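Have a look at final_26.cif; it's mmCIF, C-alpha atoms and all ligand atoms:
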data_target
loop_
_atom_site.label_atom_id
_atom_site.label_comp_id
_atom_site.auth_asym_id
_atom_site.auth_seq_id
_atom_site.Cartn_x
_atom_site.Cartn_y
_atom_site.Cartn_z
CA MET A 95 106.62 -45.55 43.24
CA SER A 96 109.54 -47.76 44.31
CA ASP A 97 111.83 -49.67 41.94
CA TYR A 98 110.14 -52.87 43.03
CA GLU A 99 106.68 -51.63 42.10
CA LEU A 100 107.96 -50.55 38.70
CA THR A 101 109.20 -54.02 37.87
CA TYR A 102 106.59 -56.41 39.36
CA ASN A 103 104.70 -57.25 36.23
CA ASP A 104 106.88 -55.74 33.56
CA TYR A 105 107.11 -58.53 30.96
CA ASP A 106 110.70 -57.74 29.93
CA SER A 107 111.97 -57.64 33.49
CA ARG A 108 110.86 -61.26 33.99
CA GLU A 109 113.69 -62.39 31.76
CA LYS A 110 116.29 -60.71 33.91
CA ILE A 111 116.23 -63.26 36.71
CA LEU A 112 116.53 -66.29 34.43
CA PRO A 113 119.80 -68.17 34.89
CA GLU A 114 122.27 -67.18 32.16
CA ARG A 115 122.46 -70.75 30.83
CA ASP A 116 118.70 -70.78 30.13
CA LYS A 117 118.42 -67.43 28.38
CA ALA A 118 119.02 -68.74 24.85
CA TYR A 119 116.19 -71.29 25.15
CA THR A 120 112.41 -71.16 25.17
CA PRO A 121 111.35 -70.95 28.83
CA VAL A 122 109.83 -74.14 30.17
CA MET A 123 106.92 -72.16 31.60
CA GLU A 124 105.52 -68.69 31.04
CA ALA A 125 102.50 -67.48 32.95
CA ILE A 126 101.10 -64.28 31.48
CA GLY A 127 98.45 -62.24 33.28
CA LEU A 128 97.21 -65.37 35.04
CA SER A 129 94.16 -64.74 37.24
CA ILE A 130 91.46 -66.77 38.96
CA GLU A 131 88.55 -65.74 41.12
CA PHE A 132 86.46 -67.78 43.51
CA GLY A 133 83.01 -66.33 44.16
CA GLY A 134 84.16 -63.00 42.73
CA LEU A 135 87.22 -62.84 45.02
CA PRO A 136 90.63 -62.97 43.31
CA ALA A 137 92.81 -65.84 44.59
CA VAL A 138 95.53 -65.23 41.97
CA ASP A 139 95.67 -61.85 40.27
CA ASP A 140 97.75 -60.94 37.19
CA PHE A 141 100.45 -63.51 37.88
CA ASN A 142 103.40 -63.20 35.49
CA LEU A 143 106.35 -65.54 35.75
CA THR A 144 108.92 -67.08 33.45
CA VAL A 145 110.77 -70.24 34.48
CA GLY A 146 113.98 -71.20 32.63
CA ARG A 147 114.52 -74.71 31.27
CA THR A 148 116.86 -75.81 34.05
CA GLU A 149 115.97 -73.32 36.73
CA ILE A 150 115.15 -74.06 40.34
CA CYS A 151 112.51 -71.48 41.15
CA GLY A 152 110.78 -70.78 44.48
CA LEU A 153 107.24 -69.55 45.05
CA ILE A 154 106.85 -68.20 48.55
CA GLY A 155 104.38 -66.11 50.51
CA PRO A 156 102.21 -66.12 53.64
CA ASN A 157 99.48 -68.71 54.23
CA GLY A 158 96.57 -68.23 51.86
CA ALA A 159 98.63 -66.08 49.44
CA GLY A 160 97.61 -68.22 46.46
CA LYS A 161 100.68 -70.47 45.99
CA THR A 162 98.86 -73.81 45.73
CA THR A 163 96.25 -72.15 43.51
CA VAL A 164 99.07 -71.24 41.09
CA PHE A 165 100.11 -74.93 41.03
CA ASN A 166 96.46 -75.91 40.48
CA LEU A 167 96.34 -73.51 37.52
CA LEU A 168 99.62 -74.79 36.06
CA THR A 169 98.36 -78.38 36.29
CA LYS A 170 94.85 -77.54 35.00
CA VAL A 171 93.02 -78.52 38.16
CA TYR A 172 91.57 -75.04 37.68
CA GLN A 173 91.12 -73.14 34.42
CA PRO A 174 92.11 -69.46 34.76
CA THR A 175 89.55 -66.68 34.67
CA ARG A 176 92.08 -64.66 32.63
CA GLY A 177 95.59 -65.02 31.26
CA LYS A 178 97.54 -67.88 29.76
CA ILE A 179 100.17 -70.49 30.48
CA LEU A 180 102.77 -71.57 27.94
CA ILE A 181 104.60 -74.84 28.53
CA ASP A 182 107.71 -75.10 26.42
CA GLY A 183 106.26 -72.32 24.27
CA ARG A 184 102.93 -74.11 23.77
CA ASP A 185 99.66 -72.55 24.90
CA THR A 186 97.92 -74.93 27.33
CA LYS A 187 94.48 -73.35 26.91
CA GLY A 188 91.77 -76.01 27.16
CA MET A 189 94.17 -78.81 28.18
CA SER A 190 93.13 -81.31 30.87
CA THR A 191 95.32 -82.34 33.81
CA ILE A 192 96.42 -85.45 31.88
CA GLN A 193 97.19 -83.49 28.72
CA VAL A 194 99.26 -80.93 30.59
CA ASN A 195 101.12 -83.77 32.31
CA ARG A 196 101.89 -85.25 28.90
CA ALA A 197 103.03 -81.78 27.82
CA GLY A 198 105.60 -81.96 30.61
CA VAL A 199 104.20 -80.74 33.94
CA ALA A 200 104.26 -83.05 36.98
CA ARG A 201 103.62 -82.26 40.62
CA THR A 202 103.64 -83.45 44.18
CA PHE A 203 101.02 -82.42 46.73
CA GLN A 204 101.10 -80.70 50.11
CA ASN A 205 99.40 -83.78 51.59
CA ILE A 206 100.93 -87.05 50.47
CA ARG A 207 98.78 -88.77 47.83
CA LEU A 208 100.27 -92.21 47.31
CA PHE A 209 98.48 -95.51 46.71
CA LYS A 210 99.39 -96.65 50.20
CA ASN A 211 98.28 -100.27 49.78
CA LEU A 212 100.38 -100.74 46.66
CA SER A 213 104.09 -101.43 46.58
CA VAL A 214 106.64 -98.66 46.23
CA ILE A 215 107.52 -99.72 42.68
CA ASP A 216 103.87 -99.99 41.62
CA ASN A 217 103.37 -96.38 42.69
CA VAL A 218 106.23 -95.39 40.38
CA LEU A 219 104.96 -97.61 37.55
CA ILE A 220 101.53 -95.95 37.71
CA GLY A 221 103.23 -92.60 37.03
CA MET A 222 105.03 -94.15 34.10
CA HIS A 223 102.02 -95.87 32.54
CA ASN A 224 100.51 -92.58 31.35
CA HIS A 225 103.41 -92.58 28.94
CA THR A 226 103.81 -96.29 28.08
CA HIS A 227 102.69 -96.99 24.54
CA TYR A 228 101.16 -100.32 23.57
CA ASN A 229 97.61 -101.02 22.48
CA MET A 230 94.83 -102.78 24.38
CA LEU A 231 95.29 -106.04 22.45
CA THR A 232 99.01 -106.19 23.26
CA SER A 233 98.21 -105.60 26.91
CA THR A 234 95.20 -107.96 27.19
CA LEU A 235 96.90 -110.85 25.40
CA ARG A 236 100.19 -110.19 27.19
CA LEU A 237 102.05 -110.24 23.87
CA PRO A 238 105.90 -110.16 23.93
CA LYS A 239 105.85 -106.40 23.28
CA TYR A 240 103.90 -106.02 26.54
CA TRP A 241 106.46 -107.96 28.61
CA LYS A 242 109.33 -106.10 26.98
CA ALA A 243 107.73 -102.73 27.79
CA GLU A 244 106.92 -103.88 31.36
CA LYS A 245 110.50 -105.03 31.95
CA ALA A 246 111.89 -101.75 30.62
CA ALA A 247 109.42 -99.80 32.80
CA ARG A 248 110.46 -101.78 35.90
CA GLU A 249 114.14 -101.16 35.23
CA LYS A 250 113.48 -97.47 34.74
CA ALA A 251 111.41 -97.34 37.95
CA LEU A 252 114.27 -98.95 39.92
CA GLU A 253 116.69 -96.45 38.41
CA LEU A 254 114.45 -93.57 39.49
CA LEU A 255 114.09 -95.02 42.99
CA SER A 256 117.87 -95.24 43.25
CA ILE A 257 118.08 -91.42 43.07
CA PHE A 258 116.81 -91.49 46.65
CA GLY A 259 118.52 -94.79 47.53
CA MET A 260 115.06 -96.46 47.66
CA GLN A 261 115.60 -99.29 45.18
CA ASP A 262 115.85 -101.87 48.00
CA GLN A 263 112.40 -100.83 49.25
CA ALA A 264 110.79 -101.37 45.84
CA ASP A 265 108.53 -104.20 47.04
CA ALA A 266 107.58 -102.66 50.41
CA GLU A 267 104.04 -101.36 50.86
CA ALA A 268 104.11 -97.60 50.21
CA GLY A 269 102.03 -96.89 53.34
CA SER A 270 104.54 -98.71 55.55
CA LEU A 271 107.38 -96.29 54.71
CA PRO A 272 108.40 -93.59 57.17
CA TYR A 273 106.95 -90.14 56.43
CA GLY A 274 110.10 -88.68 54.82
CA ALA A 275 110.44 -91.70 52.52
CA GLN A 276 106.80 -91.34 51.43
CA ARG A 277 107.47 -87.73 50.45
CA ARG A 278 110.53 -88.85 48.47
CA LEU A 279 108.44 -91.54 46.75
CA GLU A 280 105.94 -88.88 45.67
CA ILE A 281 108.76 -87.02 43.95
CA VAL A 282 109.93 -90.22 42.22
CA ARG A 283 106.38 -90.93 41.04
CA ALA A 284 106.12 -87.42 39.58
CA LEU A 285 109.51 -87.86 37.89
CA ALA A 286 108.31 -91.12 36.37
CA THR A 287 105.97 -89.15 34.11
CA GLY A 288 109.04 -87.64 32.42
CA PRO A 289 108.39 -83.96 33.20
CA LYS A 290 110.12 -80.88 31.85
CA LEU A 291 108.80 -78.94 34.83
CA LEU A 292 108.48 -80.56 38.26
CA LEU A 293 106.26 -78.76 40.78
CA LEU A 294 106.94 -79.55 44.42
CA ASP A 295 104.36 -78.34 46.96
CA GLU A 296 106.10 -78.02 50.33
CA PRO A 297 108.52 -80.91 49.78
CA ALA A 298 110.23 -80.39 53.15
CA ALA A 299 107.02 -80.25 55.22
CA GLY A 300 107.35 -82.52 58.24
CA MET A 301 110.98 -83.38 57.51
CA ASN A 302 113.69 -83.06 60.13
CA PRO A 303 116.76 -80.82 59.43
CA SER A 304 118.97 -83.66 58.21
CA GLU A 305 116.22 -84.96 55.90
CA THR A 306 115.77 -81.40 54.60
CA THR A 307 119.50 -81.06 53.86
CA GLU A 308 119.41 -84.38 52.03
CA LEU A 309 116.33 -83.24 50.11
CA MET A 310 118.14 -80.08 48.98
CA GLU A 311 120.99 -82.19 47.61
CA ASN A 312 118.52 -84.46 45.86
CA ILE A 313 116.62 -81.58 44.25
CA HIS A 314 119.93 -80.40 42.78
CA LYS A 315 120.76 -83.92 41.70
CA ILE A 316 117.39 -84.30 39.95
CA ARG A 317 117.82 -81.00 38.11
CA ASP A 318 121.38 -81.88 37.05
CA THR A 319 120.57 -85.47 36.04
CA PHE A 320 117.39 -84.80 34.09
CA ARG A 321 118.15 -81.20 33.00
CA ILE A 322 114.61 -80.13 33.98
CA ALA A 323 113.15 -77.13 35.75
CA ILE A 324 111.88 -77.39 39.32
CA MET A 325 109.43 -74.97 40.88
CA LEU A 326 108.76 -75.32 44.57
CA ILE A 327 106.46 -73.91 47.19
CA GLU A 328 108.14 -74.02 50.57
CA HIS A 329 107.89 -72.36 53.96
CA ASP A 330 111.37 -73.53 55.02
CA MET A 331 113.39 -70.42 54.14
CA SER A 332 116.77 -72.16 54.52
CA LEU A 333 115.74 -74.56 51.75
CA VAL A 334 114.30 -71.82 49.51
CA MET A 335 117.24 -69.45 49.94
CA GLY A 336 119.69 -72.35 49.73
CA ILE A 337 118.65 -73.85 46.40
CA CYS A 338 116.44 -71.47 44.42
CA GLU A 339 117.99 -69.36 41.69
CA GLY A 340 114.89 -67.22 41.19
CA ILE A 341 112.15 -66.53 43.73
CA ALA A 342 108.67 -65.04 43.31
CA VAL A 343 106.80 -63.76 46.34
CA LEU A 344 103.00 -63.83 46.43
CA ASN A 345 100.79 -61.87 48.77
CA TYR A 346 96.99 -61.78 48.52
CA GLY A 347 97.24 -63.44 45.08
CA LYS A 348 99.62 -60.87 43.61
CA ILE A 349 103.33 -61.12 42.94
CA ILE A 350 104.92 -58.49 45.12
CA ALA A 351 108.54 -59.27 44.27
CA LYS A 352 110.72 -61.36 42.01
CA GLY A 353 114.47 -61.78 42.18
CA THR A 354 117.45 -63.78 43.30
CA PRO A 355 117.50 -65.04 46.93
CA GLU A 356 119.76 -62.11 47.83
CA GLU A 357 117.39 -59.57 46.25
CA ILE A 358 114.38 -61.14 47.94
CA ARG A 359 116.09 -61.25 51.32
CA ARG A 360 116.68 -57.49 51.30
CA ASN A 361 113.51 -56.39 49.50
CA PRO A 362 111.62 -54.11 51.94
CA VAL A 363 108.25 -55.02 50.41
CA VAL A 364 108.90 -58.71 51.15
CA ILE A 365 110.19 -58.02 54.63
CA GLU A 366 107.04 -56.07 55.38
CA ALA A 367 104.53 -58.47 53.80
CA TYR A 368 106.09 -61.80 54.53
CA LEU A 369 108.95 -61.85 56.99
CA GLY A 370 107.46 -58.88 58.85
CA LYS A 371 104.19 -60.71 59.25
CA LYS A 372 106.03 -63.74 60.56
CA ARG A 373 107.79 -61.57 63.09
CA GLY A 374 104.39 -60.16 64.13
CA GLU A 375 102.98 -63.66 64.48
CA LYS A 376 105.97 -64.64 66.61
CA GLN A 377 105.46 -61.60 68.85
CA ASP A 378 101.78 -62.51 69.23
CA ALA A 379 102.79 -66.04 70.21
CA GLU A 380 105.33 -64.76 72.69
CA GLY A 381 102.77 -62.36 74.16
CA GLN A 382 100.33 -65.17 74.93
N1 LIG B 401 88.43 -74.12 45.30
C1 LIG B 401 88.44 -72.98 45.98
N2 LIG B 401 87.29 -72.35 46.29
C2 LIG B 401 87.29 -71.19 46.98
N3 LIG B 401 88.39 -70.57 47.41
C3 LIG B 401 89.57 -71.15 47.15
C4 LIG B 401 89.67 -72.38 46.43
N4 LIG B 401 90.99 -72.71 46.30
C5 LIG B 401 91.68 -71.73 46.94
N5 LIG B 401 90.85 -70.81 47.44
C6 LIG B 401 91.21 -69.60 48.18
O1 LIG B 401 92.29 -68.98 47.50
C7 LIG B 401 93.18 -68.40 48.44
C8 LIG B 401 94.59 -68.92 48.21
O2 LIG B 401 94.67 -70.27 48.70
P1 LIG B 401 95.95 -71.18 48.47
O3 LIG B 401 95.66 -72.52 49.05
O4 LIG B 401 96.36 -71.13 47.05
O5 LIG B 401 97.05 -70.43 49.36
P2 LIG B 401 98.53 -70.88 49.73
O6 LIG B 401 99.40 -69.71 49.49
O7 LIG B 401 98.87 -72.14 49.02
O8 LIG B 401 98.42 -71.14 51.30
P3 LIG B 401 99.21 -72.17 52.28
O9 LIG B 401 100.61 -71.66 52.39
O10 LIG B 401 98.45 -72.04 53.57
O11 LIG B 401 99.10 -73.53 51.67
C9 LIG B 401 92.66 -68.69 49.83
O12 LIG B 401 91.92 -67.59 50.27
C10 LIG B 401 91.75 -69.88 49.57
O13 LIG B 401 90.71 -69.94 50.51
#
Write out the structure in this file as structure tokens.
Amino acid sequence: MSDYELTYNDYDSREKILPERDKAYTPVMEAIGLSIEFGGLPAVDDFNLTVGRTEICGLIGPNGAGKTTVFNLLTKVYQPTRGKILIDGRDTKGMSTIQVNRAGVARTFQNIRLFKNLSVIDNVLIGMHNHTHYNMLTSTLRLPKYWKAEKAAREKALELLSIFGMQDQADAEAGSLPYGAQRRLEIVRALATGPKLLLLDEPAAGMNPSETTELMENIHKIRDTFRIAIMLIEHDMSLVMGICEGIAVLNYGKIIAKGTPEEIRRNPVVIEAYLGKKRGEKQDAEGQ
């Protein structure tokens, strides 16, 4: 048995890759023995992962490995067959997608899901409204408290848009934005829900290299400004290796390695299962 096999799912070893600064705090997310089956086939199998409060963590693996399913479990789109998820130390068993969002988990999707006919700022305000507190009467009668809350929400939305330099596009129709800007808007909308853990599903998909570099800077900026954790699924290895502090590698629903970018890069199991497969795919393509 190799060293890697010994440590895959060893609970204590999961703490070892947390950034030093996060070790004294309750992890923002702990998945323990998380599993889900579809039609008797495991899509995610005994998934164990701890994410530190301010960590940028990558989830990588070949197509169909189970990465998006993990995000769907963390956001309660699916309930697990076995195992549990703690958010900020709190068991999320039985929570709905809205409840887990209120508990601090927000996400973006592989395929952009904006309200394309609404303005940029309205898309952000929708994210915020889950968390705006005034009663039906205040809202229906447009009482002063309503206008005060709306003004504060608008100011906050503009501030969030300014992270990506998008405040001047606030009134543009979301669907009219270029592709990269729509992806950035999705991140702003997720941030508007005030998450402790932001899940980004392939944030760099379809972006050109300069947009990707800018995105990497912005992911850092978001983490540093809001002091939150970010977990991302990404096929762009330069982005993953460039910004993630901890990386987990999935293959056929199982974690086959966890470690720092450097550890992952030289892990023979990963090279075989993931990078090796890519090389094989490339050879197939070249052979055609
Ligand atoms: N609702 C579902 N019903 C049946 N099977 C599902 C369902 N959701 C996911 N799966 C299966 O679970 C497995 C993992 O899929 P998933 O989309 O999580 O992979 P992935 O790693 O995100 O892949 P990619 O990188 O291509 O997005 C696949 O075999 C998929 O067909």
request  = Considering all atoms listed in the file, state which residue in the set A:Lys161, A:Lys352, A:Arg359, A:His223 is at the smallest distance from ligand LIG 401 (chain B).
outcome  =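 Using all atoms listed in the file, the shortest distance to ligand LIG 401 (chain B) belongs to A:Lys161.
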message = Distance cut-off 10 Å, centre (114.2, -60.7, 44.3) in file coordinates, counting all atoms listed in the file: which residues qualify? Return them as a list of chain:residue names.
response = A:Tyr98, A:Ile111, A:Glu339, A:Gly340, A:Ile341, A:Ala342, A:Val343, A:Ile350, A:Ala351, A:Lys352, A:Gly353, A:Thr354, A:Pro355, A:Glu356, A:Glu357, A:Ile358, A:Arg359, A:Arg360, A:Asn361, A:Val364
Now that the selection is made, can you save its residues with C-alpha atoms as an mmCIF file, keeping the file's coordinate frame?
data_model
loop_
_atom_site.group_PDB
_atom_site.id
_atom_site.type_symbol
_atom_site.label_atom_id
_atom_site.label_comp_id
_atom_site.auth_asym_id
_atom_site.auth_seq_id
_atom_site.Cartn_x
_atom_site.Cartn_y
_atom_site.Cartn_z
ATOM 1 C CA TYR A 98 110.140 -52.870 43.030
ATOM 2 C CA ILE A 111 116.230 -63.260 36.710
ATOM 3 C CA GLU A 339 117.990 -69.360 41.690
ATOM 4 C CA GLY A 340 114.890 -67.220 41.190
ATOM 5 C CA ILE A 341 112.150 -66.530 43.730
ATOM 6 C CA ALA A 342 108.670 -65.040 43.310
ATOM 7 C CA VAL A 343 106.800 -63.760 46.340
ATOM 8 C CA ILE A 350 104.920 -58.490 45.120
ATOM 9 C CA ALA A 351 108.540 -59.270 44.270
ATOM 10 C CA LYS A 352 110.720 -61.360 42.010
ATOM 11 C CA GLY A 353 114.470 -61.780 42.180
ATOM 12 C CA THR A 354 117.450 -63.780 43.300
ATOM 13 C CA PRO A 355 117.500 -65.040 46.930
ATOM 14 C CA GLU A 356 119.760 -62.110 47.830
ATOM 15 C CA GLU A 357 117.390 -59.570 46.250
ATOM 16 C CA ILE A 358 114.380 -61.140 47.940
ATOM 17 C CA ARG A 359 116.090 -61.250 51.320
ATOM 18 C CA ARG A 360 116.680 -57.490 51.300
ATOM 19 C CA ASN A 361 113.510 -56.390 49.500
ATOM 20 C CA VAL A 364 108.900 -58.710 51.150
#
Per residue of chain A within 7 Å of ligand LIG 401 (chain B), note the shortest atom pair and the distance in Å to one decimal, counting all atoms listed in the file, and order the rows by chain and increasing residue number, as a tab-separated table.
residue	atom	partner	partner_atom	distance
A:Phe132	CA	B:LIG401	C2	4.9
A:Ala137	CA	B:LIG401	O1	4.3
A:Gly155	CA	B:LIG401	O6	6.2
A:Pro156	CA	B:LIG401	O9	5.9
A:Asn157	CA	B:LIG401	O10	3.5
A:Gly158	CA	B:LIG401	O5	3.4
A:Ala159	CA	B:LIG401	O6	3.7
A:Gly160	CA	B:LIG401	O4	3.2
A:Lys161	CA	B:LIG401	O6	3.8
A:Thr162	CA	B:LIG401	O7	3.7
A:Thr163	CA	B:LIG401	O4	3.7
A:Val164	CA	B:LIG401	O4	6.5
A:Gly347	CA	B:LIG401	C8	6.8
query = If we count all atoms listed in the file, what is near Leu168 of chain A at a cut-off of 9 Å, once residues fewer than 6 positions away on the same chain are taken out, given as a PyMOL selection string?
reply = chain A and resi 123+125+179+186+191+194+199
query = Nearest to Leu271 of chain A among A:Thr144, A:Thr175, A:Asn345, A:Ser213, with distances taken over all atoms listed in the file: which residue is it?
reply = A:Ser213
key: Two-atom distance - atom CA of Ala286 of chain A, atom CA of Gly146 of chain A (Å)   = 21.0 Å
key: Glu280 of chain A environment, 8 Å, only C-alpha atoms, sequence neighbours closer than 4 positions dropped, as a list in words   = Thr202, Ile206, Arg207, Leu208, Gln276 and Ala284 of chain A
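Here atom CA of Pro113 of chain A stands at a distance of 10.2 Å from atom CA of Cys151 of chain A.
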query = When you draw a straight line from atom CA of Asp265 of chain A to atom CA of Gly288 of chain A, how long is it in Å?
reply =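 Computing it gives 22.1 Å between the two atoms.
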